[in-house]
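Structure file run27.tsv with TSV, C-alpha atoms and all ligand atoms:
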```
chain	number	residue	atom	x	y	z
A	1	MET	CA	67.40	-104.42	191.51
A	2	SER	CA	68.28	-102.43	194.61
A	3	LYS	CA	69.61	-98.90	194.24
A	4	GLN	CA	72.69	-99.88	196.19
A	5	ASN	CA	73.52	-102.65	193.73
A	6	VAL	CA	73.25	-100.18	190.83
A	7	THR	CA	75.58	-97.80	192.69
A	8	LYS	CA	78.01	-100.64	193.41
A	9	TYR	CA	77.94	-101.75	189.81
A	10	LEU	CA	78.58	-98.30	188.32
A	11	LEU	CA	81.35	-97.65	190.83
A	12	ASP	CA	82.97	-101.04	190.15
A	13	ILE	CA	82.90	-100.60	186.37
A	14	SER	CA	84.31	-97.07	186.48
A	15	THR	CA	86.98	-98.09	188.99
A	16	PHE	CA	87.98	-100.93	186.71
A	17	VAL	CA	88.24	-98.66	183.64
A	18	GLY	CA	90.23	-96.17	185.77
A	19	PHE	CA	92.52	-99.00	186.88
A	20	LEU	CA	93.22	-99.96	183.24
A	21	ILE	CA	94.14	-96.35	182.38
A	22	VAL	CA	96.35	-96.02	185.47
A	23	MET	CA	98.17	-99.25	184.58
A	24	ASP	CA	99.53	-97.58	181.44
A	25	PRO	CA	101.11	-94.23	182.42
A	26	ARG	CA	103.04	-94.03	179.16
A	27	THR	CA	99.79	-93.70	177.20
A	28	SER	CA	97.96	-91.40	179.61
A	29	GLY	CA	100.92	-89.20	180.62
A	30	LEU	CA	102.19	-88.95	184.17
A	31	ALA	CA	99.91	-86.16	185.42
A	32	ILE	CA	96.74	-88.07	184.47
A	33	HIS	CA	98.28	-91.23	185.92
A	34	GLU	CA	98.86	-89.64	189.29
A	35	TRP	CA	95.63	-87.63	189.69
A	36	LEU	CA	93.48	-90.49	188.42
A	37	ALA	CA	95.22	-92.88	190.81
A	38	VAL	CA	94.46	-90.56	193.74
A	39	ALA	CA	90.78	-90.49	192.65
A	40	LEU	CA	90.83	-94.30	192.41
A	41	GLY	CA	92.03	-94.44	196.01
A	42	GLY	CA	88.86	-92.52	196.95
A	43	ALA	CA	86.69	-94.81	194.83
A	44	VAL	CA	88.14	-97.90	196.54
A	45	LEU	CA	87.34	-96.38	199.95
A	46	VAL	CA	83.70	-95.94	198.86
A	47	HIS	CA	83.78	-99.53	197.51
A	48	LEU	CA	84.89	-100.74	200.95
A	49	LEU	CA	82.21	-98.68	202.71
A	50	LEU	CA	79.54	-100.19	200.44
A	51	ASN	CA	80.82	-103.64	201.40
A	52	TRP	CA	81.26	-102.77	205.07
A	53	ASN	CA	78.57	-105.23	206.29
A	54	TRP	CA	80.38	-108.11	204.60
A	55	ILE	CA	83.74	-107.07	206.07
A	56	VAL	CA	82.37	-106.80	209.63
A	57	GLU	CA	80.27	-109.98	209.35
A	58	ILE	CA	83.10	-112.17	208.00
A	59	THR	CA	85.64	-110.72	210.45
A	60	LYS	CA	83.36	-111.77	213.33
A	61	ARG	CA	82.80	-115.27	211.90
A	62	LEU	CA	86.38	-115.82	210.68
A	63	PHE	CA	87.20	-118.66	213.06
A	64	THR	CA	83.87	-120.44	212.89
A	65	LYS	CA	83.34	-123.62	210.83
A	66	GLY	CA	82.11	-123.80	207.25
A	67	LEU	CA	83.60	-120.61	205.88
A	68	ASN	CA	86.31	-122.20	203.68
A	69	GLY	CA	85.84	-120.40	200.34
A	70	THR	CA	84.86	-117.18	202.04
A	71	ARG	CA	87.94	-117.26	204.25
A	72	ALA	CA	90.18	-117.50	201.16
A	73	ASN	CA	88.29	-114.60	199.62
A	74	TYR	CA	88.68	-112.63	202.83
A	75	ILE	CA	92.46	-113.14	202.75
A	76	LEU	CA	92.56	-112.19	199.07
A	77	ASN	CA	90.69	-108.96	199.84
A	78	TRP	CA	93.21	-108.11	202.57
A	79	LEU	CA	96.15	-108.79	200.21
A	80	LEU	CA	94.51	-106.50	197.67
A	81	PHE	CA	94.07	-103.82	200.31
A	82	ILE	CA	97.68	-104.04	201.54
A	83	ASP	CA	98.98	-104.02	197.97
A	84	GLY	CA	96.80	-100.97	197.26
A	85	ILE	CA	98.37	-99.14	200.22
A	86	LEU	CA	101.89	-100.02	198.96
A	87	ILE	CA	101.09	-98.77	195.44
A	88	MET	CA	99.71	-95.47	196.73
A	89	LEU	CA	102.50	-94.91	199.25
A	90	SER	CA	105.31	-95.71	196.78
A	91	GLY	CA	103.51	-93.68	194.07
A	92	ILE	CA	103.38	-90.66	196.37
A	93	MET	CA	107.08	-91.06	197.21
A	94	ILE	CA	108.06	-90.92	193.50
A	95	SER	CA	105.38	-88.41	192.49
A	96	GLU	CA	106.34	-85.85	189.84
A	97	ALA	CA	102.92	-84.16	189.53
A	98	VAL	CA	100.67	-84.41	192.61
A	99	ILE	CA	103.29	-83.82	195.32
A	100	PRO	CA	105.01	-80.87	193.53
A	101	ALA	CA	101.54	-79.38	192.82
A	102	LEU	CA	100.93	-79.40	196.57
A	103	GLY	CA	104.19	-77.50	197.02
A	104	LEU	CA	105.87	-80.45	198.73
A	105	THR	CA	109.20	-82.16	198.14
A	106	LEU	CA	109.97	-85.67	199.31
A	107	PRO	CA	113.38	-87.36	199.65
A	108	VAL	CA	114.45	-89.22	196.49
A	109	ASN	CA	115.01	-92.92	196.95
A	110	MET	CA	114.80	-95.28	194.02
A	111	VAL	CA	113.66	-98.16	196.25
A	112	TRP	CA	110.17	-96.59	196.08
A	113	ARG	CA	110.30	-96.81	192.30
A	114	SER	CA	111.00	-100.56	192.42
A	115	LEU	CA	108.32	-101.04	195.07
A	116	HIS	CA	105.84	-99.13	192.88
A	117	ASP	CA	106.60	-101.40	189.90
A	118	LEU	CA	106.42	-104.56	191.98
A	119	SER	CA	103.20	-103.71	193.81
A	120	ALA	CA	101.55	-102.58	190.53
A	121	ASN	CA	102.47	-105.90	188.90
A	122	ILE	CA	101.17	-107.86	191.88
A	123	SER	CA	97.91	-105.87	191.74
A	124	LEU	CA	97.29	-107.19	188.21
A	125	ILE	CA	97.23	-110.75	189.54
A	126	LEU	CA	95.20	-109.91	192.67
A	127	MET	CA	92.70	-107.80	190.71
A	128	GLY	CA	92.32	-110.64	188.18
A	129	LEU	CA	91.50	-113.04	191.04
A	130	HIS	CA	89.14	-110.52	192.68
A	131	ILE	CA	87.20	-110.03	189.45
A	132	THR	CA	87.10	-113.79	188.81
A	133	GLN	CA	85.66	-114.22	192.29
A	134	HIS	CA	82.80	-111.83	191.46
A	135	TRP	CA	82.36	-112.74	187.82
A	136	SER	CA	78.87	-114.27	188.18
A	137	TRP	CA	77.68	-111.15	190.10
A	138	ILE	CA	79.07	-108.89	187.34
A	139	VAL	CA	77.40	-110.94	184.57
A	140	SER	CA	74.04	-111.24	186.34
A	141	THR	CA	73.99	-107.53	187.27
A	142	THR	CA	74.87	-106.54	183.68
A	143	LYS	CA	72.02	-108.73	182.37
A	144	ARG	CA	69.56	-107.30	184.84
A	145	LEU	CA	70.58	-103.72	183.97
A	146	LEU	CA	70.13	-104.49	180.28
A	147	GLY	CA	66.71	-105.94	181.11
A	148	ARG	CA	67.74	-109.44	180.02
A	149	GLY	CA	68.05	-110.97	183.42
A	150	GLU	CA	65.63	-112.97	185.53
A	151	THR	CA	62.66	-110.91	186.62
A	152	LYS	CA	62.16	-113.20	189.58
A	153	ARG	CA	64.85	-112.65	192.24
A	154	THR	CA	66.81	-115.82	192.80
A	155	PRO	CA	67.89	-116.58	196.39
A	156	ALA	CA	71.54	-115.90	195.44
A	157	LEU	CA	70.71	-112.46	194.07
A	158	ALA	CA	68.46	-111.64	196.99
A	159	MET	CA	71.38	-112.53	199.26
A	160	ASP	CA	73.59	-110.15	197.28
A	161	ASP	CA	71.09	-107.34	197.81
A	162	ARG	CA	71.23	-107.88	201.53
A	163	GLN	CA	75.03	-107.88	201.39
A	164	VAL	CA	75.38	-110.96	203.51
A	165	LYS	CA	76.77	-113.26	200.87
A	166	ALA	CA	79.35	-115.57	202.37
A	201	LIG	C1	92.21	-102.29	196.75
A	201	LIG	C2	91.19	-102.60	196.00
A	201	LIG	C3	89.97	-103.41	196.42
A	201	LIG	C4	89.63	-103.99	197.61
A	201	LIG	C5	90.43	-104.02	198.91
A	201	LIG	C6	88.31	-104.63	197.43
A	201	LIG	C7	87.60	-105.31	198.41
A	201	LIG	C8	86.34	-105.82	198.25
A	201	LIG	C9	85.53	-106.39	199.30
A	201	LIG	C10	85.94	-106.47	200.78
A	201	LIG	C11	84.36	-106.83	198.75
A	201	LIG	C12	83.18	-107.49	199.49
A	201	LIG	C13	83.49	-108.89	199.83
A	201	LIG	C14	83.48	-109.83	198.67
A	201	LIG	O1	82.38	-110.17	198.21
A	201	LIG	O2	84.58	-110.25	198.23
A	201	LIG	C15	84.43	-106.56	197.33
A	201	LIG	C16	83.44	-106.85	196.42
A	201	LIG	C17	83.53	-106.59	195.07
A	201	LIG	N1	84.57	-105.97	194.41
A	201	LIG	FE1	86.22	-105.22	195.28
A	201	LIG	N2	87.91	-104.43	196.14
A	201	LIG	C18	88.87	-103.69	195.50
A	201	LIG	C19	88.85	-103.25	194.20
A	201	LIG	C20	87.90	-103.60	193.26
A	201	LIG	C21	87.89	-103.15	191.88
A	201	LIG	C22	88.92	-102.19	191.23
A	201	LIG	C23	86.83	-103.72	191.30
A	201	LIG	C24	86.45	-103.49	189.86
A	201	LIG	C25	86.09	-104.41	189.04
A	201	LIG	C26	86.13	-104.54	192.28
A	201	LIG	C27	85.00	-105.33	192.07
A	201	LIG	C28	84.26	-105.92	193.06
A	201	LIG	C29	82.98	-106.55	192.84
A	201	LIG	C30	82.28	-106.70	191.46
A	201	LIG	C31	82.51	-106.96	194.08
A	201	LIG	C32	81.13	-107.62	194.37
A	201	LIG	C33	80.06	-106.62	194.15
A	201	LIG	C34	80.21	-105.41	195.04
A	201	LIG	O3	80.00	-105.60	196.25
A	201	LIG	O4	80.59	-104.33	194.55
A	201	LIG	N3	86.82	-104.43	193.48
A	201	LIG	N4	85.64	-105.94	197.05
A	202	LIG	C1	96.05	-97.55	191.51
A	202	LIG	C2	97.22	-97.00	191.74
A	202	LIG	C3	98.43	-97.07	190.82
A	202	LIG	C4	98.81	-98.02	189.90
A	202	LIG	C5	98.09	-99.33	189.52
A	202	LIG	C6	100.07	-97.57	189.32
A	202	LIG	C7	100.79	-98.24	188.34
A	202	LIG	C8	101.95	-97.77	187.73
A	202	LIG	C9	102.65	-98.43	186.65
A	202	LIG	C10	102.25	-99.77	186.03
A	202	LIG	C11	103.73	-97.64	186.33
A	202	LIG	C12	104.74	-97.92	185.23
A	202	LIG	C13	105.93	-98.59	185.76
A	202	LIG	C14	106.95	-98.81	184.64
A	202	LIG	O1	107.07	-97.95	183.76
A	202	LIG	O2	107.62	-99.82	184.71
A	202	LIG	C15	103.70	-96.48	187.19
A	202	LIG	C16	104.64	-95.44	187.15
A	202	LIG	C17	104.56	-94.31	187.92
A	202	LIG	N1	103.62	-94.03	188.90
A	202	LIG	FE1	102.04	-95.18	189.40
A	202	LIG	N2	100.42	-96.36	189.90
A	202	LIG	C18	99.44	-96.02	190.81
A	202	LIG	C19	99.42	-94.90	191.61
A	202	LIG	C20	100.31	-93.85	191.56
A	202	LIG	C21	100.23	-92.65	192.39
A	202	LIG	C22	99.14	-92.37	193.45
A	202	LIG	C23	101.29	-91.88	192.06
A	202	LIG	C24	101.71	-90.54	192.59
A	202	LIG	C25	100.94	-89.70	193.26
A	202	LIG	C26	102.07	-92.57	191.03
A	202	LIG	C27	103.22	-92.13	190.43
A	202	LIG	C28	103.92	-92.79	189.44
A	202	LIG	C29	105.12	-92.25	188.79
A	202	LIG	C30	105.79	-90.91	189.09
A	202	LIG	C31	105.50	-93.21	187.83
A	202	LIG	C32	106.59	-93.08	186.79
A	202	LIG	C33	107.89	-93.52	187.19
A	202	LIG	C34	108.84	-93.31	186.02
A	202	LIG	O3	108.48	-93.52	184.86
A	202	LIG	O4	109.95	-92.95	186.34
A	202	LIG	N3	101.42	-93.78	190.76
A	202	LIG	N4	102.62	-96.59	188.05
```
Using structure tokens, write down the structure from this file.
Amino acid sequence: MSKQNVTKYLLDISTFVGFLIVMDPRTSGLAIHEWLAVALGGAVLVHLLLNWNWIVEITKRLFTKGLNGTRANYILNWLLFIDGILIMLSGIMISEAVIPALGLTLPVNMVWRSLHDLSANISLILMGLHITQHWSWIVSTTKRLLGRGETKRTPALAMDDRQVKA
């Protein structure tokens, strides 16, 4: 398996675990919630950089024929991205740990609180769909890492390695 796929896999799994912790601030405490969420923002940026070829390739081919399923996935990825921005922005606006630690104060407006709740709830649905979309990749990569996968590279997996899956 390519080194990049191992990197992607480890990053995806840790981001997912981080996401689960961040979804439950009452258990983790607010400070962990906020700092971990900021770190997750960084992890998602790396995730996007690792998938940059796909993003550029599909953007160029968006209006060509025969991209049906991929086009829906492309839109889903954008919705996820926009929702991620809304969560981070609203989180920063209601921050009680990160922003005060930076010596900053922001105007209080409870609309941000509602937006934070709403965008976090929407992210559960979008993340569920995103993971469903990549479920076979996750299962096959797990098997290969545990040494139980195919030794021969199937065309689908070889495509994954080249990052041009459509
Ligand atoms: C705002 C958050 C996120 C955005 C915008 C995003 C976007 C993307 C994009 C553009 C791709 C490549 C195109 C594709 O195949 O669909 C991708 C692939 C993938 N994403 Fe995400 N993603 C996000 C968060 C996550 C998280 C938290 C996980 C954790 C489970 C995850 C798991 C995957 C997997 C398993 C793949 C395929 C393998 C890989 O390339 O890493 N994504 N994502
Ligand atoms: C991946 C990003 C994030 C997710 C999924 C997320 C999710 C959540 C959830 C589910 C809640 C609980 C809402 C409720 O009790 O009804 C919450 C509360 C909160 N979040 Fe986030 N959040 C994220 C990022 C952030 C960031 C970056 C900050 C600040 C820097 C932040 C600050 C807060 C604060 C202050 C609360 C508590 C509000 C209160 O109890 O009054 N969040 N977040």
Any chance you could tabulate, as JSON lines, the residues of chain A at most 8 Å from ligand LIG 201 (chain A) with each one's nearest atom pair and distance in Å to one decimal, using only C-alpha atoms and all ligand atoms, in chain and rising number order?
```
{"residue": "A:Asn5", "atom": "CA", "partner": "A:LIG201", "partner_atom": "O4", "distance": 7.3}
{"residue": "A:Lys8", "atom": "CA", "partner": "A:LIG201", "partner_atom": "O4", "distance": 4.6}
{"residue": "A:Tyr9", "atom": "CA", "partner": "A:LIG201", "partner_atom": "O4", "distance": 6.0}
{"residue": "A:Leu11", "atom": "CA", "partner": "A:LIG201", "partner_atom": "O4", "distance": 7.7}
{"residue": "A:Asp12", "atom": "CA", "partner": "A:LIG201", "partner_atom": "C24", "distance": 4.3}
{"residue": "A:Ile13", "atom": "CA", "partner": "A:LIG201", "partner_atom": "C25", "distance": 5.6}
{"residue": "A:Ser14", "atom": "CA", "partner": "A:LIG201", "partner_atom": "C24", "distance": 7.6}
{"residue": "A:Thr15", "atom": "CA", "partner": "A:LIG201", "partner_atom": "C22", "distance": 5.1}
{"residue": "A:Phe16", "atom": "CA", "partner": "A:LIG201", "partner_atom": "C24", "distance": 4.3}
{"residue": "A:Phe19", "atom": "CA", "partner": "A:LIG201", "partner_atom": "C22", "distance": 6.5}
{"residue": "A:Gly41", "atom": "CA", "partner": "A:LIG201", "partner_atom": "C1", "distance": 7.9}
{"residue": "A:Val44", "atom": "CA", "partner": "A:LIG201", "partner_atom": "C2", "distance": 5.6}
{"residue": "A:His47", "atom": "CA", "partner": "A:LIG201", "partner_atom": "O4", "distance": 6.5}
{"residue": "A:Leu48", "atom": "CA", "partner": "A:LIG201", "partner_atom": "C10", "distance": 5.8}
{"residue": "A:Leu50", "atom": "CA", "partner": "A:LIG201", "partner_atom": "O3", "distance": 6.9}
{"residue": "A:Asn51", "atom": "CA", "partner": "A:LIG201", "partner_atom": "C12", "distance": 4.9}
{"residue": "A:Trp52", "atom": "CA", "partner": "A:LIG201", "partner_atom": "C10", "distance": 7.3}
{"residue": "A:Trp54", "atom": "CA", "partner": "A:LIG201", "partner_atom": "C13", "distance": 5.7}
{"residue": "A:Ile55", "atom": "CA", "partner": "A:LIG201", "partner_atom": "C10", "distance": 5.8}
{"residue": "A:Thr70", "atom": "CA", "partner": "A:LIG201", "partner_atom": "O2", "distance": 7.9}
{"residue": "A:Asn73", "atom": "CA", "partner": "A:LIG201", "partner_atom": "O2", "distance": 5.9}
{"residue": "A:Tyr74", "atom": "CA", "partner": "A:LIG201", "partner_atom": "O2", "distance": 6.6}
{"residue": "A:Asn77", "atom": "CA", "partner": "A:LIG201", "partner_atom": "C7", "distance": 5.0}
{"residue": "A:Trp78", "atom": "CA", "partner": "A:LIG201", "partner_atom": "C5", "distance": 6.2}
{"residue": "A:Leu79", "atom": "CA", "partner": "A:LIG201", "partner_atom": "C5", "distance": 7.6}
{"residue": "A:Leu80", "atom": "CA", "partner": "A:LIG201", "partner_atom": "C1", "distance": 4.9}
{"residue": "A:Phe81", "atom": "CA", "partner": "A:LIG201", "partner_atom": "C5", "distance": 3.9}
{"residue": "A:Ile82", "atom": "CA", "partner": "A:LIG201", "partner_atom": "C1", "distance": 7.5}
{"residue": "A:Asp83", "atom": "CA", "partner": "A:LIG201", "partner_atom": "C1", "distance": 7.1}
{"residue": "A:Gly84", "atom": "CA", "partner": "A:LIG201", "partner_atom": "C1", "distance": 4.8}
{"residue": "A:Ile85", "atom": "CA", "partner": "A:LIG201", "partner_atom": "C1", "distance": 7.7}
{"residue": "A:Met127", "atom": "CA", "partner": "A:LIG201", "partner_atom": "C22", "distance": 6.8}
{"residue": "A:His130", "atom": "CA", "partner": "A:LIG201", "partner_atom": "N3", "distance": 6.6}
{"residue": "A:Ile131", "atom": "CA", "partner": "A:LIG201", "partner_atom": "C25", "distance": 5.7}
{"residue": "A:Gln133", "atom": "CA", "partner": "A:LIG201", "partner_atom": "O2", "distance": 7.2}
{"residue": "A:His134", "atom": "CA", "partner": "A:LIG201", "partner_atom": "C30", "distance": 5.2}
{"residue": "A:Trp135", "atom": "CA", "partner": "A:LIG201", "partner_atom": "C30", "distance": 7.1}
{"residue": "A:Trp137", "atom": "CA", "partner": "A:LIG201", "partner_atom": "C33", "distance": 6.5}
{"residue": "A:Ile138", "atom": "CA", "partner": "A:LIG201", "partner_atom": "C30", "distance": 5.7}
{"residue": "A:Asp160", "atom": "CA", "partner": "A:LIG201", "partner_atom": "O3", "distance": 7.9}
{"residue": "A:Gln163", "atom": "CA", "partner": "A:LIG201", "partner_atom": "O3", "distance": 7.5}
{"residue": "A:Lys165", "atom": "CA", "partner": "A:LIG201", "partner_atom": "O1", "distance": 6.9}
{"residue": "A:Ala166", "atom": "CA", "partner": "A:LIG201", "partner_atom": "O1", "distance": 7.5}
```
Residues within 9 Å of ligand LIG 202 (chain A), counting only C-alpha atoms and all ligand atoms: report them as an MDAnalysis selection string.
-> chainID A and resid 18:26 30:31 33:41 84:85 87:99 113:114 116:121 123:124
Output the selection as a PDB file, in the coordinates of the input - C-alpha atoms for each residue.
```pdb
ATOM      1  CA  GLY A  18      90.230 -96.170 185.770  1.00  0.00           C
ATOM      2  CA  PHE A  19      92.520 -99.000 186.880  1.00  0.00           C
ATOM      3  CA  LEU A  20      93.220 -99.960 183.240  1.00  0.00           C
ATOM      4  CA  ILE A  21      94.140 -96.350 182.380  1.00  0.00           C
ATOM      5  CA  VAL A  22      96.350 -96.020 185.470  1.00  0.00           C
ATOM      6  CA  MET A  23      98.170 -99.250 184.580  1.00  0.00           C
ATOM      7  CA  ASP A  24      99.530 -97.580 181.440  1.00  0.00           C
ATOM      8  CA  PRO A  25     101.110 -94.230 182.420  1.00  0.00           C
ATOM      9  CA  ARG A  26     103.040 -94.030 179.160  1.00  0.00           C
ATOM     10  CA  LEU A  30     102.190 -88.950 184.170  1.00  0.00           C
ATOM     11  CA  ALA A  31      99.910 -86.160 185.420  1.00  0.00           C
ATOM     12  CA  HIS A  33      98.280 -91.230 185.920  1.00  0.00           C
ATOM     13  CA  GLU A  34      98.860 -89.640 189.290  1.00  0.00           C
ATOM     14  CA  TRP A  35      95.630 -87.630 189.690  1.00  0.00           C
ATOM     15  CA  LEU A  36      93.480 -90.490 188.420  1.00  0.00           C
ATOM     16  CA  ALA A  37      95.220 -92.880 190.810  1.00  0.00           C
ATOM     17  CA  VAL A  38      94.460 -90.560 193.740  1.00  0.00           C
ATOM     18  CA  ALA A  39      90.780 -90.490 192.650  1.00  0.00           C
ATOM     19  CA  LEU A  40      90.830 -94.300 192.410  1.00  0.00           C
ATOM     20  CA  GLY A  41      92.030 -94.440 196.010  1.00  0.00           C
ATOM     21  CA  GLY A  84      96.800-100.970 197.260  1.00  0.00           C
ATOM     22  CA  ILE A  85      98.370 -99.140 200.220  1.00  0.00           C
ATOM     23  CA  ILE A  87     101.090 -98.770 195.440  1.00  0.00           C
ATOM     24  CA  MET A  88      99.710 -95.470 196.730  1.00  0.00           C
ATOM     25  CA  LEU A  89     102.500 -94.910 199.250  1.00  0.00           C
ATOM     26  CA  SER A  90     105.310 -95.710 196.780  1.00  0.00           C
ATOM     27  CA  GLY A  91     103.510 -93.680 194.070  1.00  0.00           C
ATOM     28  CA  ILE A  92     103.380 -90.660 196.370  1.00  0.00           C
ATOM     29  CA  MET A  93     107.080 -91.060 197.210  1.00  0.00           C
ATOM     30  CA  ILE A  94     108.060 -90.920 193.500  1.00  0.00           C
ATOM     31  CA  SER A  95     105.380 -88.410 192.490  1.00  0.00           C
ATOM     32  CA  GLU A  96     106.340 -85.850 189.840  1.00  0.00           C
ATOM     33  CA  ALA A  97     102.920 -84.160 189.530  1.00  0.00           C
ATOM     34  CA  VAL A  98     100.670 -84.410 192.610  1.00  0.00           C
ATOM     35  CA  ILE A  99     103.290 -83.820 195.320  1.00  0.00           C
ATOM     36  CA  ARG A 113     110.300 -96.810 192.300  1.00  0.00           C
ATOM     37  CA  SER A 114     111.000-100.560 192.420  1.00  0.00           C
ATOM     38  CA  HIS A 116     105.840 -99.130 192.880  1.00  0.00           C
ATOM     39  CA  ASP A 117     106.600-101.400 189.900  1.00  0.00           C
ATOM     40  CA  LEU A 118     106.420-104.560 191.980  1.00  0.00           C
ATOM     41  CA  SER A 119     103.200-103.710 193.810  1.00  0.00           C
ATOM     42  CA  ALA A 120     101.550-102.580 190.530  1.00  0.00           C
ATOM     43  CA  ASN A 121     102.470-105.900 188.900  1.00  0.00           C
ATOM     44  CA  SER A 123      97.910-105.870 191.740  1.00  0.00           C
ATOM     45  CA  LEU A 124      97.290-107.190 188.210  1.00  0.00           C
TER      46      LEU A 124
END
```
For the atom pair CA of Trp112 (chain A) and CA of Pro100 (chain A), what is the interatomic distance in Å to one decimal place?
->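 One can read the CA of Trp112 (chain A) to CA of Pro100 (chain A) distance as 16.7 Å.
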Counting all atoms listed in the file, the option among A:Leu104, A:Leu115, A:Ala43, A:Ile32 closest to Leu10 (chain A) |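 For Leu10 (chain A), the nearest of the given residues is A:Ala43.
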Hey, can you check how far CA of Glu57 (chain A) sits from CA of Leu76 (chain A)?
-> 16.2 Å
For region 26-33 of chain A, take all atoms listed in the file, fit an axis-aligned box around them, add 4 Å to each of the six sides, then output centre and edge lengths in Å rounded to one decimal, as lines of an AutoDock Vina configuration file.
```
center_x = 99.9
center_y = -90.1
center_z = 181.6
size_x = 14.3
size_y = 15.9
size_z = 16.7
```
Between CA of Ile125 (chain A) and CA of Ile58 (chain A) lies a distance of 23.3 Å
Pick out the closest residue to Thr59 (chain A) from this set: A:Thr7, A:Leu102, A:Ile75, A:Leu126. Count all atoms listed in the file.
->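 When distances to Thr59 (chain A) are compared using all atoms listed in the file, the smallest one comes from A:Ile75.
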